[in-house]
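Note: the block below is upload_13.cif and it holds mmCIF, N, CA and C atoms.
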data_structure
#
loop_
_atom_site.label_atom_id
_atom_site.label_comp_id
_atom_site.auth_asym_id
_atom_site.auth_seq_id
_atom_site.Cartn_x
_atom_site.Cartn_y
_atom_site.Cartn_z
N ALA A 1 8.23 2.56 15.30
CA ALA A 1 7.52 3.10 14.15
C ALA A 1 6.02 3.01 14.40
N GLN A 2 5.32 4.07 13.99
CA GLN A 2 3.87 4.05 14.04
C GLN A 2 3.33 4.34 12.65
N LEU A 3 2.40 3.51 12.22
CA LEU A 3 1.83 3.61 10.88
C LEU A 3 0.32 3.52 10.99
N VAL A 4 -0.37 4.46 10.39
CA VAL A 4 -1.83 4.49 10.45
C VAL A 4 -2.38 4.59 9.03
N GLU A 5 -3.05 3.51 8.61
CA GLU A 5 -3.63 3.47 7.27
C GLU A 5 -5.07 3.97 7.27
N SER A 6 -5.48 4.48 6.14
CA SER A 6 -6.87 4.92 5.96
C SER A 6 -7.21 4.88 4.48
N GLY A 7 -8.50 5.05 4.19
CA GLY A 7 -8.92 5.18 2.79
C GLY A 7 -9.58 3.96 2.19
N GLY A 8 -9.62 2.87 2.93
CA GLY A 8 -10.27 1.69 2.39
C GLY A 8 -11.78 1.85 2.35
N GLY A 9 -12.44 0.86 1.79
CA GLY A 9 -13.89 0.89 1.70
C GLY A 9 -14.40 -0.14 0.73
N TRP A 10 -15.66 0.01 0.39
CA TRP A 10 -16.30 -0.89 -0.57
C TRP A 10 -16.46 -0.19 -1.92
N VAL A 11 -16.09 -0.88 -2.98
CA VAL A 11 -16.28 -0.35 -4.33
C VAL A 11 -16.74 -1.46 -5.24
N GLN A 12 -17.38 -1.08 -6.31
CA GLN A 12 -17.76 -2.04 -7.34
C GLN A 12 -16.57 -2.34 -8.23
N PRO A 13 -16.57 -3.47 -8.90
CA PRO A 13 -15.49 -3.78 -9.85
C PRO A 13 -15.31 -2.63 -10.84
N GLY A 14 -14.05 -2.29 -11.10
CA GLY A 14 -13.73 -1.17 -11.97
C GLY A 14 -13.57 0.14 -11.24
N GLY A 15 -13.91 0.16 -9.97
CA GLY A 15 -13.83 1.38 -9.18
C GLY A 15 -12.42 1.68 -8.70
N SER A 16 -12.31 2.78 -7.97
CA SER A 16 -11.01 3.25 -7.48
C SER A 16 -11.07 3.60 -5.99
N LEU A 17 -9.94 3.48 -5.36
CA LEU A 17 -9.75 3.93 -3.99
C LEU A 17 -8.34 4.49 -3.86
N ARG A 18 -8.17 5.38 -2.90
CA ARG A 18 -6.83 5.90 -2.61
C ARG A 18 -6.54 5.66 -1.14
N LEU A 19 -5.58 4.80 -0.89
CA LEU A 19 -5.17 4.47 0.47
C LEU A 19 -4.06 5.41 0.90
N SER A 20 -4.06 5.73 2.19
CA SER A 20 -3.05 6.62 2.74
C SER A 20 -2.48 6.01 4.01
N CYS A 21 -1.21 6.30 4.27
CA CYS A 21 -0.54 5.81 5.47
C CYS A 21 0.27 6.95 6.07
N GLN A 22 -0.09 7.31 7.28
CA GLN A 22 0.64 8.35 8.01
C GLN A 22 1.69 7.69 8.89
N ALA A 23 2.93 8.09 8.74
CA ALA A 23 4.04 7.48 9.47
C ALA A 23 4.61 8.42 10.51
N SER A 24 5.10 7.85 11.60
CA SER A 24 5.77 8.62 12.63
C SER A 24 6.71 7.70 13.40
N GLY A 25 7.65 8.32 14.12
CA GLY A 25 8.49 7.54 15.01
C GLY A 25 9.77 7.00 14.42
N PHE A 26 10.07 7.37 13.18
CA PHE A 26 11.32 6.94 12.55
C PHE A 26 11.65 7.94 11.44
N PRO A 27 12.91 7.97 11.00
CA PRO A 27 13.30 8.91 9.94
C PRO A 27 12.74 8.49 8.59
N PHE A 28 11.54 8.94 8.32
CA PHE A 28 10.73 8.46 7.21
C PHE A 28 11.46 8.49 5.88
N ARG A 29 12.14 9.60 5.60
CA ARG A 29 12.73 9.74 4.26
C ARG A 29 13.88 8.76 4.03
N ASN A 30 14.38 8.17 5.07
CA ASN A 30 15.51 7.23 4.94
C ASN A 30 15.09 5.81 4.61
N TYR A 31 13.79 5.55 4.65
CA TYR A 31 13.31 4.18 4.54
C TYR A 31 12.45 3.96 3.31
N ALA A 32 12.64 2.80 2.70
CA ALA A 32 11.66 2.34 1.73
C ALA A 32 10.35 2.05 2.46
N MET A 33 9.26 2.26 1.76
CA MET A 33 7.95 1.94 2.30
C MET A 33 7.23 1.00 1.34
N THR A 34 6.48 0.13 1.90
CA THR A 34 5.86 -0.96 1.13
C THR A 34 4.38 -1.09 1.49
N TRP A 35 3.58 -1.46 0.54
CA TRP A 35 2.20 -1.87 0.79
C TRP A 35 2.12 -3.39 0.57
N VAL A 36 1.49 -4.06 1.51
CA VAL A 36 1.19 -5.47 1.37
C VAL A 36 -0.29 -5.64 1.61
N ARG A 37 -0.81 -6.79 1.26
CA ARG A 37 -2.22 -7.07 1.52
C ARG A 37 -2.38 -8.50 1.99
N GLN A 38 -3.49 -8.75 2.65
CA GLN A 38 -3.77 -10.09 3.14
C GLN A 38 -5.26 -10.36 3.01
N ALA A 39 -5.59 -11.33 2.19
CA ALA A 39 -6.97 -11.77 2.06
C ALA A 39 -7.26 -12.80 3.14
N PRO A 40 -8.53 -12.98 3.51
CA PRO A 40 -8.86 -13.94 4.57
C PRO A 40 -8.30 -15.33 4.28
N GLY A 41 -7.61 -15.87 5.25
CA GLY A 41 -7.08 -17.22 5.12
C GLY A 41 -5.84 -17.35 4.26
N LYS A 42 -5.30 -16.22 3.80
CA LYS A 42 -4.13 -16.27 2.93
C LYS A 42 -2.95 -15.55 3.56
N ASP A 43 -1.76 -15.79 3.00
CA ASP A 43 -0.55 -15.14 3.48
C ASP A 43 -0.51 -13.69 3.02
N PHE A 44 0.39 -12.93 3.62
CA PHE A 44 0.65 -11.58 3.14
C PHE A 44 1.14 -11.63 1.70
N GLU A 45 0.73 -10.64 0.93
CA GLU A 45 1.11 -10.56 -0.48
C GLU A 45 1.69 -9.18 -0.74
N TRP A 46 2.89 -9.14 -1.27
CA TRP A 46 3.53 -7.87 -1.59
C TRP A 46 2.77 -7.18 -2.72
N VAL A 47 2.59 -5.87 -2.58
CA VAL A 47 1.87 -5.09 -3.59
C VAL A 47 2.81 -4.12 -4.31
N ALA A 48 3.51 -3.28 -3.53
CA ALA A 48 4.37 -2.26 -4.14
C ALA A 48 5.33 -1.70 -3.10
N THR A 49 6.44 -1.18 -3.59
CA THR A 49 7.47 -0.57 -2.74
C THR A 49 7.94 0.72 -3.37
N ILE A 50 8.26 1.69 -2.53
CA ILE A 50 8.83 2.95 -3.00
C ILE A 50 10.02 3.31 -2.13
N PHE A 51 11.14 3.65 -2.77
CA PHE A 51 12.33 4.03 -2.05
C PHE A 51 12.17 5.42 -1.44
N GLY A 52 12.98 5.68 -0.38
CA GLY A 52 12.82 6.90 0.37
C GLY A 52 13.31 8.15 -0.32
N ALA A 53 14.54 8.09 -0.83
CA ALA A 53 15.16 9.29 -1.39
C ALA A 53 14.86 9.46 -2.88
N THR A 54 14.94 8.36 -3.62
CA THR A 54 14.78 8.45 -5.08
C THR A 54 13.34 8.31 -5.53
N HIS A 55 12.47 7.81 -4.65
CA HIS A 55 11.07 7.53 -4.99
C HIS A 55 10.95 6.49 -6.11
N THR A 56 11.98 5.70 -6.30
CA THR A 56 11.91 4.60 -7.25
C THR A 56 10.83 3.62 -6.79
N THR A 57 10.04 3.13 -7.74
CA THR A 57 8.91 2.28 -7.39
C THR A 57 9.04 0.89 -8.00
N PHE A 58 8.43 -0.06 -7.34
CA PHE A 58 8.40 -1.45 -7.77
C PHE A 58 6.99 -1.98 -7.50
N TYR A 59 6.51 -2.82 -8.43
CA TYR A 59 5.15 -3.33 -8.31
C TYR A 59 5.10 -4.83 -8.53
N ALA A 60 4.19 -5.48 -7.81
CA ALA A 60 3.86 -6.86 -8.14
C ALA A 60 3.18 -6.86 -9.51
N ASP A 61 3.28 -7.99 -10.19
CA ASP A 61 2.72 -8.06 -11.54
C ASP A 61 1.25 -7.68 -11.58
N PHE A 62 0.48 -8.11 -10.57
CA PHE A 62 -0.95 -7.84 -10.59
C PHE A 62 -1.25 -6.36 -10.39
N ALA A 63 -0.26 -5.63 -9.83
CA ALA A 63 -0.48 -4.22 -9.52
C ALA A 63 -0.04 -3.27 -10.64
N LYS A 64 0.80 -3.78 -11.52
CA LYS A 64 1.29 -2.93 -12.61
C LYS A 64 0.12 -2.43 -13.45
N ASP A 65 0.14 -1.17 -13.82
CA ASP A 65 -0.87 -0.54 -14.68
C ASP A 65 -2.19 -0.30 -13.99
N ARG A 66 -2.35 -0.76 -12.74
CA ARG A 66 -3.61 -0.50 -12.01
C ARG A 66 -3.39 0.26 -10.72
N PHE A 67 -2.26 0.01 -10.06
CA PHE A 67 -1.98 0.63 -8.77
C PHE A 67 -0.80 1.58 -8.92
N THR A 68 -0.80 2.64 -8.10
CA THR A 68 0.31 3.59 -8.11
C THR A 68 0.68 3.93 -6.67
N ILE A 69 1.95 3.70 -6.34
CA ILE A 69 2.45 4.04 -5.02
C ILE A 69 3.17 5.39 -5.10
N SER A 70 3.00 6.21 -4.06
CA SER A 70 3.66 7.51 -4.03
C SER A 70 3.92 7.87 -2.57
N ARG A 71 4.75 8.89 -2.37
CA ARG A 71 5.05 9.32 -1.01
C ARG A 71 5.35 10.80 -0.98
N ASP A 72 5.12 11.37 0.18
CA ASP A 72 5.47 12.77 0.45
C ASP A 72 6.32 12.76 1.71
N ASN A 73 7.61 12.95 1.54
CA ASN A 73 8.51 12.85 2.69
C ASN A 73 8.31 13.98 3.69
N GLU A 74 7.87 15.12 3.22
CA GLU A 74 7.63 16.24 4.13
C GLU A 74 6.44 15.95 5.03
N LYS A 75 5.40 15.37 4.46
CA LYS A 75 4.19 15.05 5.22
C LYS A 75 4.27 13.68 5.88
N ARG A 76 5.30 12.91 5.56
CA ARG A 76 5.48 11.57 6.11
C ARG A 76 4.30 10.67 5.75
N VAL A 77 3.91 10.74 4.52
CA VAL A 77 2.76 9.98 4.03
C VAL A 77 3.16 9.14 2.83
N VAL A 78 2.68 7.91 2.81
CA VAL A 78 2.80 7.07 1.62
C VAL A 78 1.38 6.68 1.20
N GLU A 79 1.13 6.73 -0.09
CA GLU A 79 -0.22 6.47 -0.59
C GLU A 79 -0.19 5.36 -1.63
N LEU A 80 -1.35 4.77 -1.84
CA LEU A 80 -1.51 3.74 -2.86
C LEU A 80 -2.83 4.01 -3.58
N GLN A 81 -2.72 4.41 -4.82
CA GLN A 81 -3.89 4.63 -5.67
C GLN A 81 -4.27 3.31 -6.32
N LEU A 82 -5.50 2.91 -6.11
CA LEU A 82 -6.00 1.64 -6.64
C LEU A 82 -7.04 1.95 -7.71
N ASP A 83 -6.76 1.58 -8.93
CA ASP A 83 -7.70 1.80 -10.04
C ASP A 83 -8.10 0.48 -10.67
N ASN A 84 -9.24 0.50 -11.35
CA ASN A 84 -9.73 -0.69 -12.04
C ASN A 84 -9.72 -1.90 -11.10
N LEU A 85 -10.30 -1.71 -9.94
CA LEU A 85 -10.27 -2.76 -8.92
C LEU A 85 -11.08 -3.97 -9.34
N LYS A 86 -10.60 -5.13 -8.91
CA LYS A 86 -11.23 -6.41 -9.22
C LYS A 86 -11.63 -7.10 -7.92
N PRO A 87 -12.57 -8.02 -7.98
CA PRO A 87 -12.97 -8.72 -6.74
C PRO A 87 -11.78 -9.40 -6.05
N GLU A 88 -10.82 -9.87 -6.82
CA GLU A 88 -9.67 -10.54 -6.21
C GLU A 88 -8.73 -9.57 -5.50
N ASP A 89 -8.98 -8.28 -5.62
CA ASP A 89 -8.20 -7.30 -4.86
C ASP A 89 -8.73 -7.13 -3.43
N THR A 90 -9.84 -7.76 -3.13
CA THR A 90 -10.41 -7.67 -1.78
C THR A 90 -9.43 -8.22 -0.76
N ALA A 91 -9.07 -7.39 0.21
CA ALA A 91 -8.08 -7.77 1.22
C ALA A 91 -7.93 -6.64 2.22
N MET A 92 -7.23 -6.93 3.31
CA MET A 92 -6.77 -5.89 4.22
C MET A 92 -5.44 -5.40 3.68
N TYR A 93 -5.32 -4.10 3.53
CA TYR A 93 -4.10 -3.51 3.00
C TYR A 93 -3.33 -2.84 4.15
N TYR A 94 -2.02 -3.11 4.17
CA TYR A 94 -1.16 -2.58 5.22
C TYR A 94 0.01 -1.83 4.60
N CYS A 95 0.43 -0.75 5.26
CA CYS A 95 1.70 -0.15 4.88
C CYS A 95 2.76 -0.65 5.86
N VAL A 96 3.95 -0.82 5.35
CA VAL A 96 5.05 -1.44 6.08
C VAL A 96 6.28 -0.55 5.99
N ASN A 97 6.97 -0.42 7.08
CA ASN A 97 8.23 0.29 7.14
C ASN A 97 9.32 -0.66 6.70
N GLY A 98 9.64 -0.65 5.40
CA GLY A 98 10.63 -1.56 4.88
C GLY A 98 10.43 -1.80 3.41
N GLY A 99 11.31 -2.63 2.85
CA GLY A 99 11.25 -2.93 1.43
C GLY A 99 10.48 -4.20 1.15
N ARG A 100 10.62 -4.64 -0.09
CA ARG A 100 9.92 -5.85 -0.50
C ARG A 100 10.32 -7.01 0.39
N GLY A 101 9.34 -7.77 0.83
CA GLY A 101 9.58 -8.88 1.73
C GLY A 101 9.28 -8.57 3.17
N ALA A 102 9.25 -7.28 3.51
CA ALA A 102 8.94 -6.89 4.88
C ALA A 102 7.43 -6.92 5.11
N VAL A 103 7.03 -7.42 6.28
CA VAL A 103 5.62 -7.38 6.68
C VAL A 103 5.45 -6.70 8.03
N SER A 104 6.53 -6.26 8.62
CA SER A 104 6.45 -5.50 9.86
C SER A 104 7.67 -4.60 9.96
N PRO A 105 7.56 -3.51 10.72
CA PRO A 105 6.35 -3.06 11.40
C PRO A 105 5.31 -2.54 10.42
N ARG A 106 4.06 -2.75 10.74
CA ARG A 106 2.97 -2.32 9.88
C ARG A 106 1.87 -1.70 10.74
N GLY A 107 0.94 -1.06 10.07
CA GLY A 107 -0.18 -0.47 10.78
C GLY A 107 -1.28 -1.48 11.04
N GLN A 108 -2.45 -0.94 11.38
CA GLN A 108 -3.59 -1.81 11.69
C GLN A 108 -4.31 -2.27 10.44
N GLY A 109 -4.00 -1.63 9.32
CA GLY A 109 -4.59 -2.02 8.06
C GLY A 109 -5.86 -1.26 7.73
N THR A 110 -6.20 -1.29 6.45
CA THR A 110 -7.45 -0.70 5.98
C THR A 110 -8.09 -1.69 5.00
N GLN A 111 -9.37 -1.96 5.19
CA GLN A 111 -10.05 -3.00 4.41
C GLN A 111 -10.51 -2.46 3.06
N VAL A 112 -10.19 -3.21 2.03
CA VAL A 112 -10.68 -2.93 0.68
C VAL A 112 -11.57 -4.09 0.26
N THR A 113 -12.81 -3.77 -0.10
CA THR A 113 -13.75 -4.78 -0.55
C THR A 113 -14.27 -4.39 -1.93
N VAL A 114 -14.11 -5.32 -2.87
CA VAL A 114 -14.54 -5.07 -4.24
C VAL A 114 -15.60 -6.11 -4.60
N SER A 115 -16.82 -5.64 -4.78
CA SER A 115 -17.91 -6.56 -5.13
C SER A 115 -19.03 -5.78 -5.77
N SER A 116 -19.87 -6.50 -6.47
CA SER A 116 -21.03 -5.88 -7.10
C SER A 116 -22.28 -6.20 -6.31
#

Mind converting the file's structure to structure tokens?
Amino acid sequence: AQLVESGGGWVQPGGSLRLSCQASGFPFRNYAMTWVRQAPGKDFEWVATIFGATHTTFYADFAKDRFTISRDNEKRVVELQLDNLKPEDTAMYYCVNGGRGAVSPRGQGTQVTVSS
């Protein structure tokens, strides 16, 4: 599996970003896809998961009402819309080929920094 994330950057608190992950090398529509994040010095933290066929979504409590995961099986893309960002959302964000609990295979990550 190959996963390439993009879309990270620096935003002020309350701002928004849209992360994207381009997937290749596996039957994308058959797999759940997950976003995880890792802040410096901390473990991976599950953010959200979306199923392949039904597009059913699941969110960590901190992500509910602020983040939205989506996918386009034709384009082999999974996205994560981040709204109302907070400083504690600062982390490297990774997309993962798998469901909740999976941390690999993952891409190289995209950095999200929230500060004023």

What are the nearest atom pairs, with distances in Å to one decimal, for all residues of segment 13-53 of chain A that come at most 8 Å from segment 90-100 of chain A, using all atoms listed in the file, set out by chain and rising residue number as CSV?
residue,atom,partner,partner_atom,distance
A:Ser20,C,A:Cys95,N,7.5
A:Cys21,CA,A:Cys95,CA,6.4
A:Tyr31,C,A:Gly98,N,5.8
A:Ala32,C,A:Gly98,C,4.0
A:Met33,CA,A:Gly98,N,4.4
A:Thr34,C,A:Val96,N,3.9
A:Trp35,CA,A:Tyr94,C,4.4
A:Val36,C,A:Tyr94,N,4.0
A:Arg37,CA,A:Met92,C,4.2
A:Gln38,C,A:Met92,N,4.0
A:Ala39,CA,A:Ala91,CA,4.2
A:Pro40,N,A:Ala91,CA,5.7
A:Trp46,CA,A:Arg100,CA,6.8
A:Val47,N,A:Arg100,CA,7.6
A:Ala48,C,A:Arg100,CA,6.7
A:Thr49,CA,A:Arg100,N,5.8
A:Ile50,N,A:Gly99,CA,6.8
A:Phe51,N,A:Gly99,CA,7.8

Hey, what comes out of the PyMOL selection byres ((chain A and resi 113) around 6) on this file? Could you write it as a short mmCIF file (atom, residue, chain, number, x, y, z; two decimals) with N, CA and C atoms, in the coordinates of the input?
data_model
loop_
_atom_site.label_atom_id
_atom_site.label_comp_id
_atom_site.auth_asym_id
_atom_site.auth_seq_id
_atom_site.Cartn_x
_atom_site.Cartn_y
_atom_site.Cartn_z
N GLY A 9 -12.44 0.86 1.79
CA GLY A 9 -13.89 0.89 1.70
C GLY A 9 -14.40 -0.14 0.73
N TRP A 10 -15.66 0.01 0.39
CA TRP A 10 -16.30 -0.89 -0.57
C TRP A 10 -16.46 -0.19 -1.92
N VAL A 11 -16.09 -0.88 -2.98
CA VAL A 11 -16.28 -0.35 -4.33
C VAL A 11 -16.74 -1.46 -5.24
N THR A 90 -9.84 -7.76 -3.13
CA THR A 90 -10.41 -7.67 -1.78
C THR A 90 -9.43 -8.22 -0.76
N ALA A 91 -9.07 -7.39 0.21
CA ALA A 91 -8.08 -7.77 1.22
C ALA A 91 -7.93 -6.64 2.22
N GLN A 111 -9.37 -1.96 5.19
CA GLN A 111 -10.05 -3.00 4.41
C GLN A 111 -10.51 -2.46 3.06
N VAL A 112 -10.19 -3.21 2.03
CA VAL A 112 -10.68 -2.93 0.68
C VAL A 112 -11.57 -4.09 0.26
N VAL A 114 -14.11 -5.32 -2.87
CA VAL A 114 -14.54 -5.07 -4.24
C VAL A 114 -15.60 -6.11 -4.60
N SER A 115 -16.82 -5.64 -4.78
CA SER A 115 -17.91 -6.56 -5.13
C SER A 115 -19.03 -5.78 -5.77
#

Quick one: apply the PyMOL selection byres ((chain A and resi 53) around 6.5) to the file and drop the selected residues here as a list in words.
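When the PyMOL selection byres ((chain A and resi 53) around 6.5) is applied to the shown file, the picked residues are Arg29, Asn30, Tyr31, Phe51, Gly52, Thr54, His55 and Thr56 of chain A.
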
Could you tell me, as a ChimeraX atom specification, exactly which residues end up selected when the PyMOL selection byres ((chain A and resi 68) around 7) is applied to this structure?
/A:63,65-67,69-70,79-83

For Ala1 of chain A, which of A:Gly101, A:Ser116, A:Gly107, A:Phe58 is the closest residue, counting only C-alpha atoms?
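So, comparing all the options, the nearest one is A:Gly107.
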
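Computed from the coordinates, the atom C of Tyr59 of chain A to atom C of Ser24 of chain A distance equals 25.3 Å.
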
Between A:Lys75, A:Asn84, A:Thr110, A:Glu45, single out the one closest to Ser16 of chain A, counting all atoms listed in the file.
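Ranked by minimum distance to Ser16 of chain A, first place goes to A:Asn84.
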